[in-house]
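Engineer: This is the structure I have questions about; it appears just below.
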Amino acid sequence: MLNGRIVIYGRANSAAGYKIRDFLTRNCCEYDWVELNTDEEARKLAGISGATDPRLPVCVLSQNRRLYCPSLRDLAMALEWFKGPKYECYDLAIFGAGPAGLSAALYGASEGLRTIVVEKIAVGGQAGSTSKIENYMGFPDGISGWELASRARQQAIKLGAEIIVGLEGVAGEHQDGWQFSWFASGEQIASKATICATGIEYSRLGLEREDYFLNRGLYYGAGSSEAELCKGHVVIVGGGNSAGQAALNFARQTRVTMLVRGECLKDTLSTYLLERIEDNSSITVLTRTTLTKLEGDDALERISYRDEAGNTTSIETHSVFVCIGGKPRLDWAKPGVLHCDPAGYILTGPDLDRSGLSAEMWTDGRAPLFMESSIPGLFAAGDVRHNSTKRCAAAAGDGATAVSMAHQFLMSVKHQLLGR
């Protein structure tokens with residue numbers, strides 16, 4: 001790390017390079033990106049054989065420490081971000097460090113609960129990749145997603161929460177009143193109460209060669225790490241607030257086209273964003289339009305889209321950012337045990353069919369609390385919850401409410417034990 005900043009050397013349109021840049025940006029870490037276009041630049045600047053060297057990208061952490069084509073976990077460990085859980089047992093375990101998870105961490109720790117937050121990739125969730133959030137109370141001039149996440153993270157840690165980045169949960173199980181969680185690293189923790197705040201992941205477009213162009217011209221998310229690097233025409237797929245903010249961010253330096261499946265933006269976009277997009281001459285909005293084809297050799301070079309009349313148009317672009325709906329992140333959950341709606345979102349409280357709850361788990365005869373799932377002591381907060389409001393402030397409110405519900409649950413368990 002030179003002058004407090006990581007230096008990354010890599011090729012243009014490198015998928016590995018993009019993943020590292022995105023990871024560092026979303027985790028609020030400063031870095032310099034140095035693009036290598038020739039063998040001479042690779043040898044002189046990065047100290048490797050050439051621009052096609054498989055060791056790229058190279059991350060320089062200090063004068064004496066380099067990482068060659070590191071995984072995100074390797075990079076996190078080198079930066080001493082990744083540390084295993086301090087304890088085997090916790091009062092409250094939170095999975096996901098988006099607005100809901102960070103809010104829950106803050107309130108859980110401030111109220112004296114031994115609290116741990118586990119995040120697979122980056123603090124902030126999808127909100128953390130947003131260039132600017134302007135409808136969050138208390139920030140009249142707006143605030144970037146990563147800055148909001150960074151402040152929330154610092155605040156939660158200051159109050160006593162333990163936050164781990166780079167740890168992937170692979171399984172969970174309810175046993176004898178405890179929630180057991182297993183991780184890809186082989187570690188395990190137990191918690192008296194758990195909050196699932198894992199959010200959603202973007203849906204795939206289902207296009208030919210989509211995986212080939214992924215992170216080499218085709219990106220999922222608002223692309224806050226790429227705004228300064230994108231040159232030429234940028235295409236945004238989606239019509240929600242994330243897509244709108246991304247369009248305005250890129251439009252400061254380049255031409256932007258938004259491809260929107262819906263009939264009009266006003267159905268999906270906040271009014272303040274809609275007005276700015278309509279007034280921005282650098283942004284073209286195409287409604288009732290669908291992306292149909294991706295083309296290029298080593299990286300994305302051209303796309304095709306189809307309008308409502310069935311007409312197909314091809315345009316040149318090296319950057320497409322997809323900000324569309326997604327599916328809940330519940331890979332760790334056991335099918336059938338955790339009750340979800342048809343779209344996969346966690347059902348809680350009054351939305352649960354009590355007749356379908358496990359008699360072995362629900363032995364006390366009580367009804368699930370408002371944000372409690374079909375598993376006693378497991379709560380859902382934020383975008384992963386059925387019928388939640390997909391807004392940053394709403395997710396933060398969900399996190400705080402879930403902690404209140406967890407307190408009620410822990411008190412009921414305590415009273416049961418005392419009554420035995």
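Please note that chains go A, B, ... in the order of the structure tokens, that every chain numbers its residues from 1, and that ligands are numbered from 1 in the order shown.
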Give me the residues near region 309-314 of chain A as a list in words, where near means some atom within 10 Å (using only C-alpha atoms) and where sequence neighbours in that chain fewer than 3 positions away do not count.
Structural biologist: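 Near region 309-314 of chain A, the qualifying residues are Arg288, Thr289, Thr290, Leu291, Thr292, Lys293, Leu294, Glu295, Arg302, Ile303, Ser304, Tyr305, Arg306 and Thr317 of chain A.
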Engineer: Store the residues picked out above in a file with N, CA and C atoms, as a compact mmCIF listing (two decimals), in the first residue's frame.
Structural biologist:
# COMPACT_ATOMS: atom_id res chain seq x y z
N ARG A 288 -40.43 0.29 -22.91
CA ARG A 288 -40.94 -0.88 -23.62
C ARG A 288 -39.87 -1.48 -24.52
N THR A 289 -38.68 -1.54 -23.99
CA THR A 289 -37.51 -1.98 -24.75
C THR A 289 -36.77 -3.07 -23.98
N THR A 290 -36.28 -4.08 -24.70
CA THR A 290 -35.63 -5.22 -24.09
C THR A 290 -34.27 -5.48 -24.73
N LEU A 291 -33.25 -5.67 -23.91
CA LEU A 291 -31.93 -6.05 -24.40
C LEU A 291 -32.00 -7.48 -24.91
N THR A 292 -31.50 -7.72 -26.12
CA THR A 292 -31.66 -9.04 -26.73
C THR A 292 -30.35 -9.73 -27.11
N LYS A 293 -29.25 -8.98 -27.26
CA LYS A 293 -28.03 -9.62 -27.76
C LYS A 293 -26.79 -8.88 -27.28
N LEU A 294 -25.75 -9.67 -26.99
CA LEU A 294 -24.44 -9.14 -26.59
C LEU A 294 -23.41 -9.61 -27.60
N GLU A 295 -22.54 -8.71 -28.05
CA GLU A 295 -21.57 -9.09 -29.07
C GLU A 295 -20.20 -8.52 -28.73
N ARG A 302 -20.75 -4.47 -28.66
CA ARG A 302 -22.01 -4.06 -29.27
C ARG A 302 -23.16 -4.81 -28.63
N ILE A 303 -24.33 -4.16 -28.58
CA ILE A 303 -25.54 -4.82 -28.10
C ILE A 303 -26.68 -4.59 -29.08
N SER A 304 -27.73 -5.41 -28.96
CA SER A 304 -28.95 -5.20 -29.72
C SER A 304 -30.12 -5.16 -28.75
N TYR A 305 -31.12 -4.34 -29.08
CA TYR A 305 -32.32 -4.28 -28.26
C TYR A 305 -33.55 -4.24 -29.17
N ARG A 306 -34.68 -4.66 -28.61
CA ARG A 306 -35.93 -4.74 -29.37
C ARG A 306 -36.98 -3.85 -28.73
N THR A 317 -21.30 -0.21 -27.72
CA THR A 317 -21.07 0.15 -26.32
C THR A 317 -20.12 -0.87 -25.71
Engineer: Taking only C-alpha atoms into account, produce a table as a tab-separated table in which each residue of region 171-231 of chain A with an atom at most 10 Å from an atom of region 84-103 of chain A appears once, together with its shortest atom pair and the distance in Å to one decimal, ordered by chain and rising number.
Structural biologist:
residue	atom	partner	partner_atom	distance
A:Trp178	CA	A:Cys89	CA	9.4
A:Gln179	CA	A:Ala93	CA	8.8
A:Phe180	CA	A:Cys89	CA	9.2
A:Ser181	CA	A:Ala93	CA	9.1
A:Ser185	CA	A:Gly84	CA	9.0
A:Glu187	CA	A:Gly84	CA	7.8
A:Gln188	CA	A:Glu88	CA	7.2
A:Ile189	CA	A:Glu88	CA	4.9
A:Ala190	CA	A:Cys89	CA	4.7
A:Ser191	CA	A:Tyr90	CA	4.6
A:Lys192	CA	A:Asp91	CA	5.0
A:Ala193	CA	A:Leu92	CA	4.9
A:Thr194	CA	A:Ala93	CA	4.8
A:Ile195	CA	A:Ile94	CA	4.8
A:Cys196	CA	A:Phe95	CA	5.2
A:Ala197	CA	A:Gly96	CA	4.9
A:Thr198	CA	A:Gly96	CA	4.3
A:Gly199	CA	A:Gly96	CA	7.2
Engineer: Keeping only C-alpha atoms, write the selected residues as an mmCIF file, in the first residue's frame.
Structural biologist:
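Final file, part.cif:
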data_model
loop_
_atom_site.group_PDB
_atom_site.id
_atom_site.type_symbol
_atom_site.label_atom_id
_atom_site.label_comp_id
_atom_site.auth_asym_id
_atom_site.auth_seq_id
_atom_site.Cartn_x
_atom_site.Cartn_y
_atom_site.Cartn_z
ATOM 1 C CA TRP A 178 -30.353 -22.462 19.303
ATOM 2 C CA GLN A 179 -29.649 -21.324 15.743
ATOM 3 C CA PHE A 180 -26.509 -23.058 14.432
ATOM 4 C CA SER A 181 -24.730 -21.580 11.419
ATOM 5 C CA SER A 185 -14.424 -21.855 6.018
ATOM 6 C CA GLU A 187 -16.265 -22.586 11.235
ATOM 7 C CA GLN A 188 -19.511 -22.690 13.195
ATOM 8 C CA ILE A 189 -21.373 -20.388 15.568
ATOM 9 C CA ALA A 190 -24.525 -20.680 17.661
ATOM 10 C CA SER A 191 -26.908 -17.840 18.438
ATOM 11 C CA LYS A 192 -30.002 -17.448 20.563
ATOM 12 C CA ALA A 193 -31.626 -15.250 17.909
ATOM 13 C CA THR A 194 -30.813 -14.688 14.249
ATOM 14 C CA ILE A 195 -31.727 -11.995 11.746
ATOM 15 C CA CYS A 196 -31.612 -12.800 8.047
ATOM 16 C CA ALA A 197 -30.858 -9.571 6.156
ATOM 17 C CA THR A 198 -29.141 -11.093 3.123
ATOM 18 C CA GLY A 199 -31.083 -8.993 0.610
#
Engineer: Taking a cut-off of 7 Å and counting only C-alpha atoms, can you build a table that, for each residue of region 43-100 of chain A near region 149-168 of chain A, reports the nearest atom pair and how far apart they are in Å (one decimal), sorted by chain then residue number, as a Markdown table?
Structural biologist:
| residue | atom | partner | partner_atom | distance |
| --- | --- | --- | --- | --- |
| A:Arg73 | CA | A:Gly166 | CA | 5.9 |
| A:Ala76 | CA | A:Gly166 | CA | 6.9 |
| A:Trp81 | CA | A:Val165 | CA | 6.7 |
| A:Phe82 | CA | A:Val165 | CA | 6.0 |
| A:Lys83 | CA | A:Ile164 | CA | 6.6 |
Engineer: For the atom pair CA of Tyr18 (chain A) and CA of Leu72 (chain A), what is the interatomic distance in Å to one decimal place?
Structural biologist: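 Here the two named atoms are 11.3 Å from each other.
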Engineer: Could you write out, as a ChimeraX atom specification, all the residues of region 41-271 of chain A that DSSP marks as helix (DSSP H, G or I)?
Structural biologist: /A:41-46,72-78,99-110,125-129,145-158,210-213,241-250,265-267,271
Engineer: Could you write those residues out with C-alpha atoms, as a short mmCIF file (atom, residue, chain, number, x, y, z; two decimals), in the first residue's frame?
Structural biologist:
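To be explicit, this is the file written out as selection-v3.cif:
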data_model
loop_
_atom_site.label_atom_id
_atom_site.label_comp_id
_atom_site.auth_asym_id
_atom_site.auth_seq_id
_atom_site.Cartn_x
_atom_site.Cartn_y
_atom_site.Cartn_z
CA GLU A 41 4.09 -1.30 -19.48
CA ALA A 42 3.52 -4.64 -17.76
CA ARG A 43 7.25 -5.26 -17.33
CA LYS A 44 8.11 -1.71 -16.29
CA LEU A 45 5.18 -0.93 -14.02
CA ALA A 46 4.00 -4.29 -12.67
CA LEU A 72 -11.37 -11.60 -2.85
CA ARG A 73 -10.89 -13.76 0.22
CA ASP A 74 -7.09 -13.66 -0.23
CA LEU A 75 -7.21 -9.89 -0.56
CA ALA A 76 -9.42 -9.50 2.50
CA MET A 77 -7.08 -11.67 4.55
CA ALA A 78 -4.03 -9.72 3.36
CA PRO A 99 -28.86 -1.20 5.55
CA ALA A 100 -31.08 -3.72 7.38
CA GLY A 101 -28.17 -5.75 8.75
CA LEU A 102 -26.13 -2.72 9.81
CA SER A 103 -29.14 -1.14 11.50
CA ALA A 104 -29.81 -4.38 13.37
CA ALA A 105 -26.15 -4.58 14.39
CA LEU A 106 -26.20 -1.05 15.74
CA TYR A 107 -29.36 -1.52 17.80
CA GLY A 108 -28.50 -5.03 18.94
CA ALA A 109 -25.05 -4.05 20.19
CA SER A 110 -26.28 -0.80 21.78
CA GLY A 125 -25.33 -4.41 0.18
CA GLN A 126 -26.81 -3.09 -3.05
CA ALA A 127 -27.28 0.33 -1.45
CA GLY A 128 -23.52 0.45 -0.88
CA SER A 129 -22.88 0.50 -4.63
CA GLY A 145 -24.06 4.46 -0.56
CA TRP A 146 -20.54 3.45 0.43
CA GLU A 147 -20.17 6.46 2.74
CA LEU A 148 -23.47 5.73 4.46
CA ALA A 149 -22.43 2.09 4.88
CA SER A 150 -19.00 3.10 6.18
CA ARG A 151 -20.50 5.38 8.81
CA ALA A 152 -23.01 2.76 9.90
CA ARG A 153 -20.26 0.15 10.11
CA GLN A 154 -18.05 2.38 12.29
CA GLN A 155 -20.99 3.23 14.53
CA ALA A 156 -21.99 -0.41 15.00
CA ILE A 157 -18.42 -1.46 15.79
CA LYS A 158 -18.04 1.43 18.23
CA GLU A 210 -23.90 -13.51 -20.86
CA ASP A 211 -21.43 -15.37 -18.64
CA TYR A 212 -18.63 -14.70 -21.13
CA PHE A 213 -19.11 -10.93 -20.99
CA ASN A 241 -34.01 4.16 -8.36
CA SER A 242 -30.68 2.32 -8.60
CA ALA A 243 -30.81 2.51 -12.39
CA GLY A 244 -31.78 6.18 -12.26
CA GLN A 245 -28.93 7.10 -9.94
CA ALA A 246 -26.49 5.12 -12.08
CA ALA A 247 -27.65 6.94 -15.23
CA LEU A 248 -27.19 10.35 -13.61
CA ASN A 249 -23.77 9.34 -12.27
CA PHE A 250 -22.45 8.21 -15.65
CA LEU A 265 -40.32 5.57 -15.69
CA LYS A 266 -42.78 7.28 -13.38
CA ASP A 267 -44.18 3.88 -12.37
CA THR A 271 -40.11 11.82 -8.77
#
Engineer: So that I can see what lies close to Arg55 (chain A), please list as a count of residues only the residues with an atom at most 8 Å from it, counting only C-alpha atoms and leaving out residues fewer than 6 positions away in the same chain.
Structural biologist: 3
Engineer: Give the strand (DSSP E or B) residues of region 164-316 of chain A, as DSSP finds them on the backbone, and put them as a ChimeraX atom specification.
Structural biologist: /A:164-165,169-175,178-183,188-196,200-202,214,218-220,234-237,256-259,283-286,290-296,300-306,312-316
Engineer: Mind pulling up the distance from CA of Thr401 (chain A) to CA of His174 (chain A)?
Structural biologist: 22.1 Å
Engineer: What does the distance from CA of Tyr220 (chain A) to CA of Val322 (chain A) come to in Å, to one decimal?
Structural biologist: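 We find that CA of Tyr220 (chain A) and CA of Val322 (chain A) lie 4.8 Å from each other.
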Engineer: Name the closest residue to Ser14 (chain A) among the candidates A:Gly232, A:Pro376, A:Gly112, A:Pro57; distances are taken between atoms, counting only C-alpha atoms.
Structural biologist: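 Answer, going by the shortest atom-to-atom distance: A:Pro57.
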Engineer: Considering only C-alpha atoms, state which residue in the set A:Leu207, A:Val234, A:Met258, A:Ala400 is at the smallest distance from Glu111 (chain A).
Structural biologist: A:Ala400
Engineer: Just want the 12 Å neighbourhood of Pro328 (chain A), counted on only C-alpha atoms, with same-chain residues fewer than 5 positions away dropped. Output as a list in words.
Structural biologist: Gly96, Cys196, Ala197, Thr198, Gly199, Ile200, Glu201, Tyr202, Ser203, Ala333, Cys340, Asp341, Pro342, Ala343, Gly344, Tyr345, Ile346, Leu347, Ala380, Ala381, Gly382, Asp383, Val384, Arg385, His386 and Ser388 of chain A
Engineer: Go ahead and save the picked residues with N, CA and C atoms, as a CSV table (one decimal), in the first residue's frame.
Structural biologist:
chain,number,residue,atom,x,y,z
A,96,GLY,N,-25.8,-10.7,6.6
A,96,GLY,CA,-26.0,-9.6,5.6
A,96,GLY,C,-25.7,-8.2,6.3
A,196,CYS,N,-32.0,-12.6,9.4
A,196,CYS,CA,-31.6,-12.8,8.0
A,196,CYS,C,-31.9,-11.5,7.3
A,197,ALA,N,-30.8,-10.8,6.9
A,197,ALA,CA,-30.9,-9.6,6.2
A,197,ALA,C,-30.0,-9.7,4.9
A,198,THR,N,-30.0,-10.8,4.2
A,198,THR,CA,-29.1,-11.1,3.1
A,198,THR,C,-29.5,-10.4,1.8
A,199,GLY,N,-30.7,-9.8,1.8
A,199,GLY,CA,-31.1,-9.0,0.6
A,199,GLY,C,-31.4,-9.9,-0.6
A,200,ILE,N,-31.2,-9.2,-1.8
A,200,ILE,CA,-31.5,-9.9,-3.0
A,200,ILE,C,-30.3,-9.8,-4.0
A,201,GLU,N,-30.2,-10.7,-4.9
A,201,GLU,CA,-29.2,-10.6,-6.0
A,201,GLU,C,-29.9,-10.4,-7.3
A,202,TYR,N,-29.2,-9.6,-8.2
A,202,TYR,CA,-29.8,-9.3,-9.5
A,202,TYR,C,-30.2,-10.5,-10.3
A,203,SER,N,-31.3,-10.5,-11.0
A,203,SER,CA,-31.7,-11.5,-11.9
A,203,SER,C,-30.8,-11.5,-13.1
A,333,ALA,N,-30.5,-21.8,3.2
A,333,ALA,CA,-31.7,-22.2,3.8
A,333,ALA,C,-32.2,-23.6,3.4
A,340,CYS,N,-41.4,-19.6,2.5
A,340,CYS,CA,-41.2,-18.5,1.7
A,340,CYS,C,-42.4,-18.4,0.7
A,341,ASP,N,-42.6,-17.2,0.1
A,341,ASP,CA,-43.7,-17.0,-0.9
A,341,ASP,C,-43.2,-17.6,-2.2
A,342,PRO,N,-44.0,-17.6,-3.2
A,342,PRO,CA,-43.6,-18.2,-4.5
A,342,PRO,C,-42.4,-17.6,-5.1
A,343,ALA,N,-42.1,-16.4,-4.8
A,343,ALA,CA,-40.9,-15.7,-5.4
A,343,ALA,C,-39.7,-15.9,-4.6
A,344,GLY,N,-39.8,-16.6,-3.4
A,344,GLY,CA,-38.7,-17.0,-2.6
A,344,GLY,C,-38.4,-16.0,-1.4
A,345,TYR,N,-39.3,-15.0,-1.2
A,345,TYR,CA,-39.1,-14.1,-0.1
A,345,TYR,C,-39.6,-14.7,1.2
A,346,ILE,N,-39.0,-14.4,2.3
A,346,ILE,CA,-39.3,-15.1,3.6
A,346,ILE,C,-40.6,-14.6,4.1
A,347,LEU,N,-41.5,-15.5,4.4
A,347,LEU,CA,-42.8,-15.1,5.1
A,347,LEU,C,-42.6,-15.0,6.6
A,380,ALA,N,-36.6,-12.0,9.8
A,380,ALA,CA,-36.2,-11.5,8.4
A,380,ALA,C,-36.3,-10.0,8.4
A,381,ALA,N,-35.4,-9.3,7.8
A,381,ALA,CA,-35.4,-7.8,7.7
A,381,ALA,C,-34.9,-7.4,6.4
A,382,GLY,N,-35.5,-6.3,5.8
A,382,GLY,CA,-35.0,-5.8,4.6
A,382,GLY,C,-35.6,-6.4,3.4
A,383,ASP,N,-34.9,-6.3,2.3
A,383,ASP,CA,-35.4,-6.8,1.0
A,383,ASP,C,-35.8,-8.3,0.9
A,384,VAL,N,-35.1,-9.1,1.8
A,384,VAL,CA,-35.4,-10.5,1.7
A,384,VAL,C,-36.7,-10.9,2.3
A,385,ARG,N,-37.4,-10.0,3.0
A,385,ARG,CA,-38.6,-10.3,3.6
A,385,ARG,C,-39.8,-10.0,2.7
A,386,HIS,N,-40.8,-10.9,2.8
A,386,HIS,CA,-42.0,-10.8,2.0
A,386,HIS,C,-42.7,-9.5,2.2
A,388,SER,N,-41.7,-6.5,1.8
A,388,SER,CA,-41.0,-5.4,2.3
A,388,SER,C,-40.9,-4.2,1.3
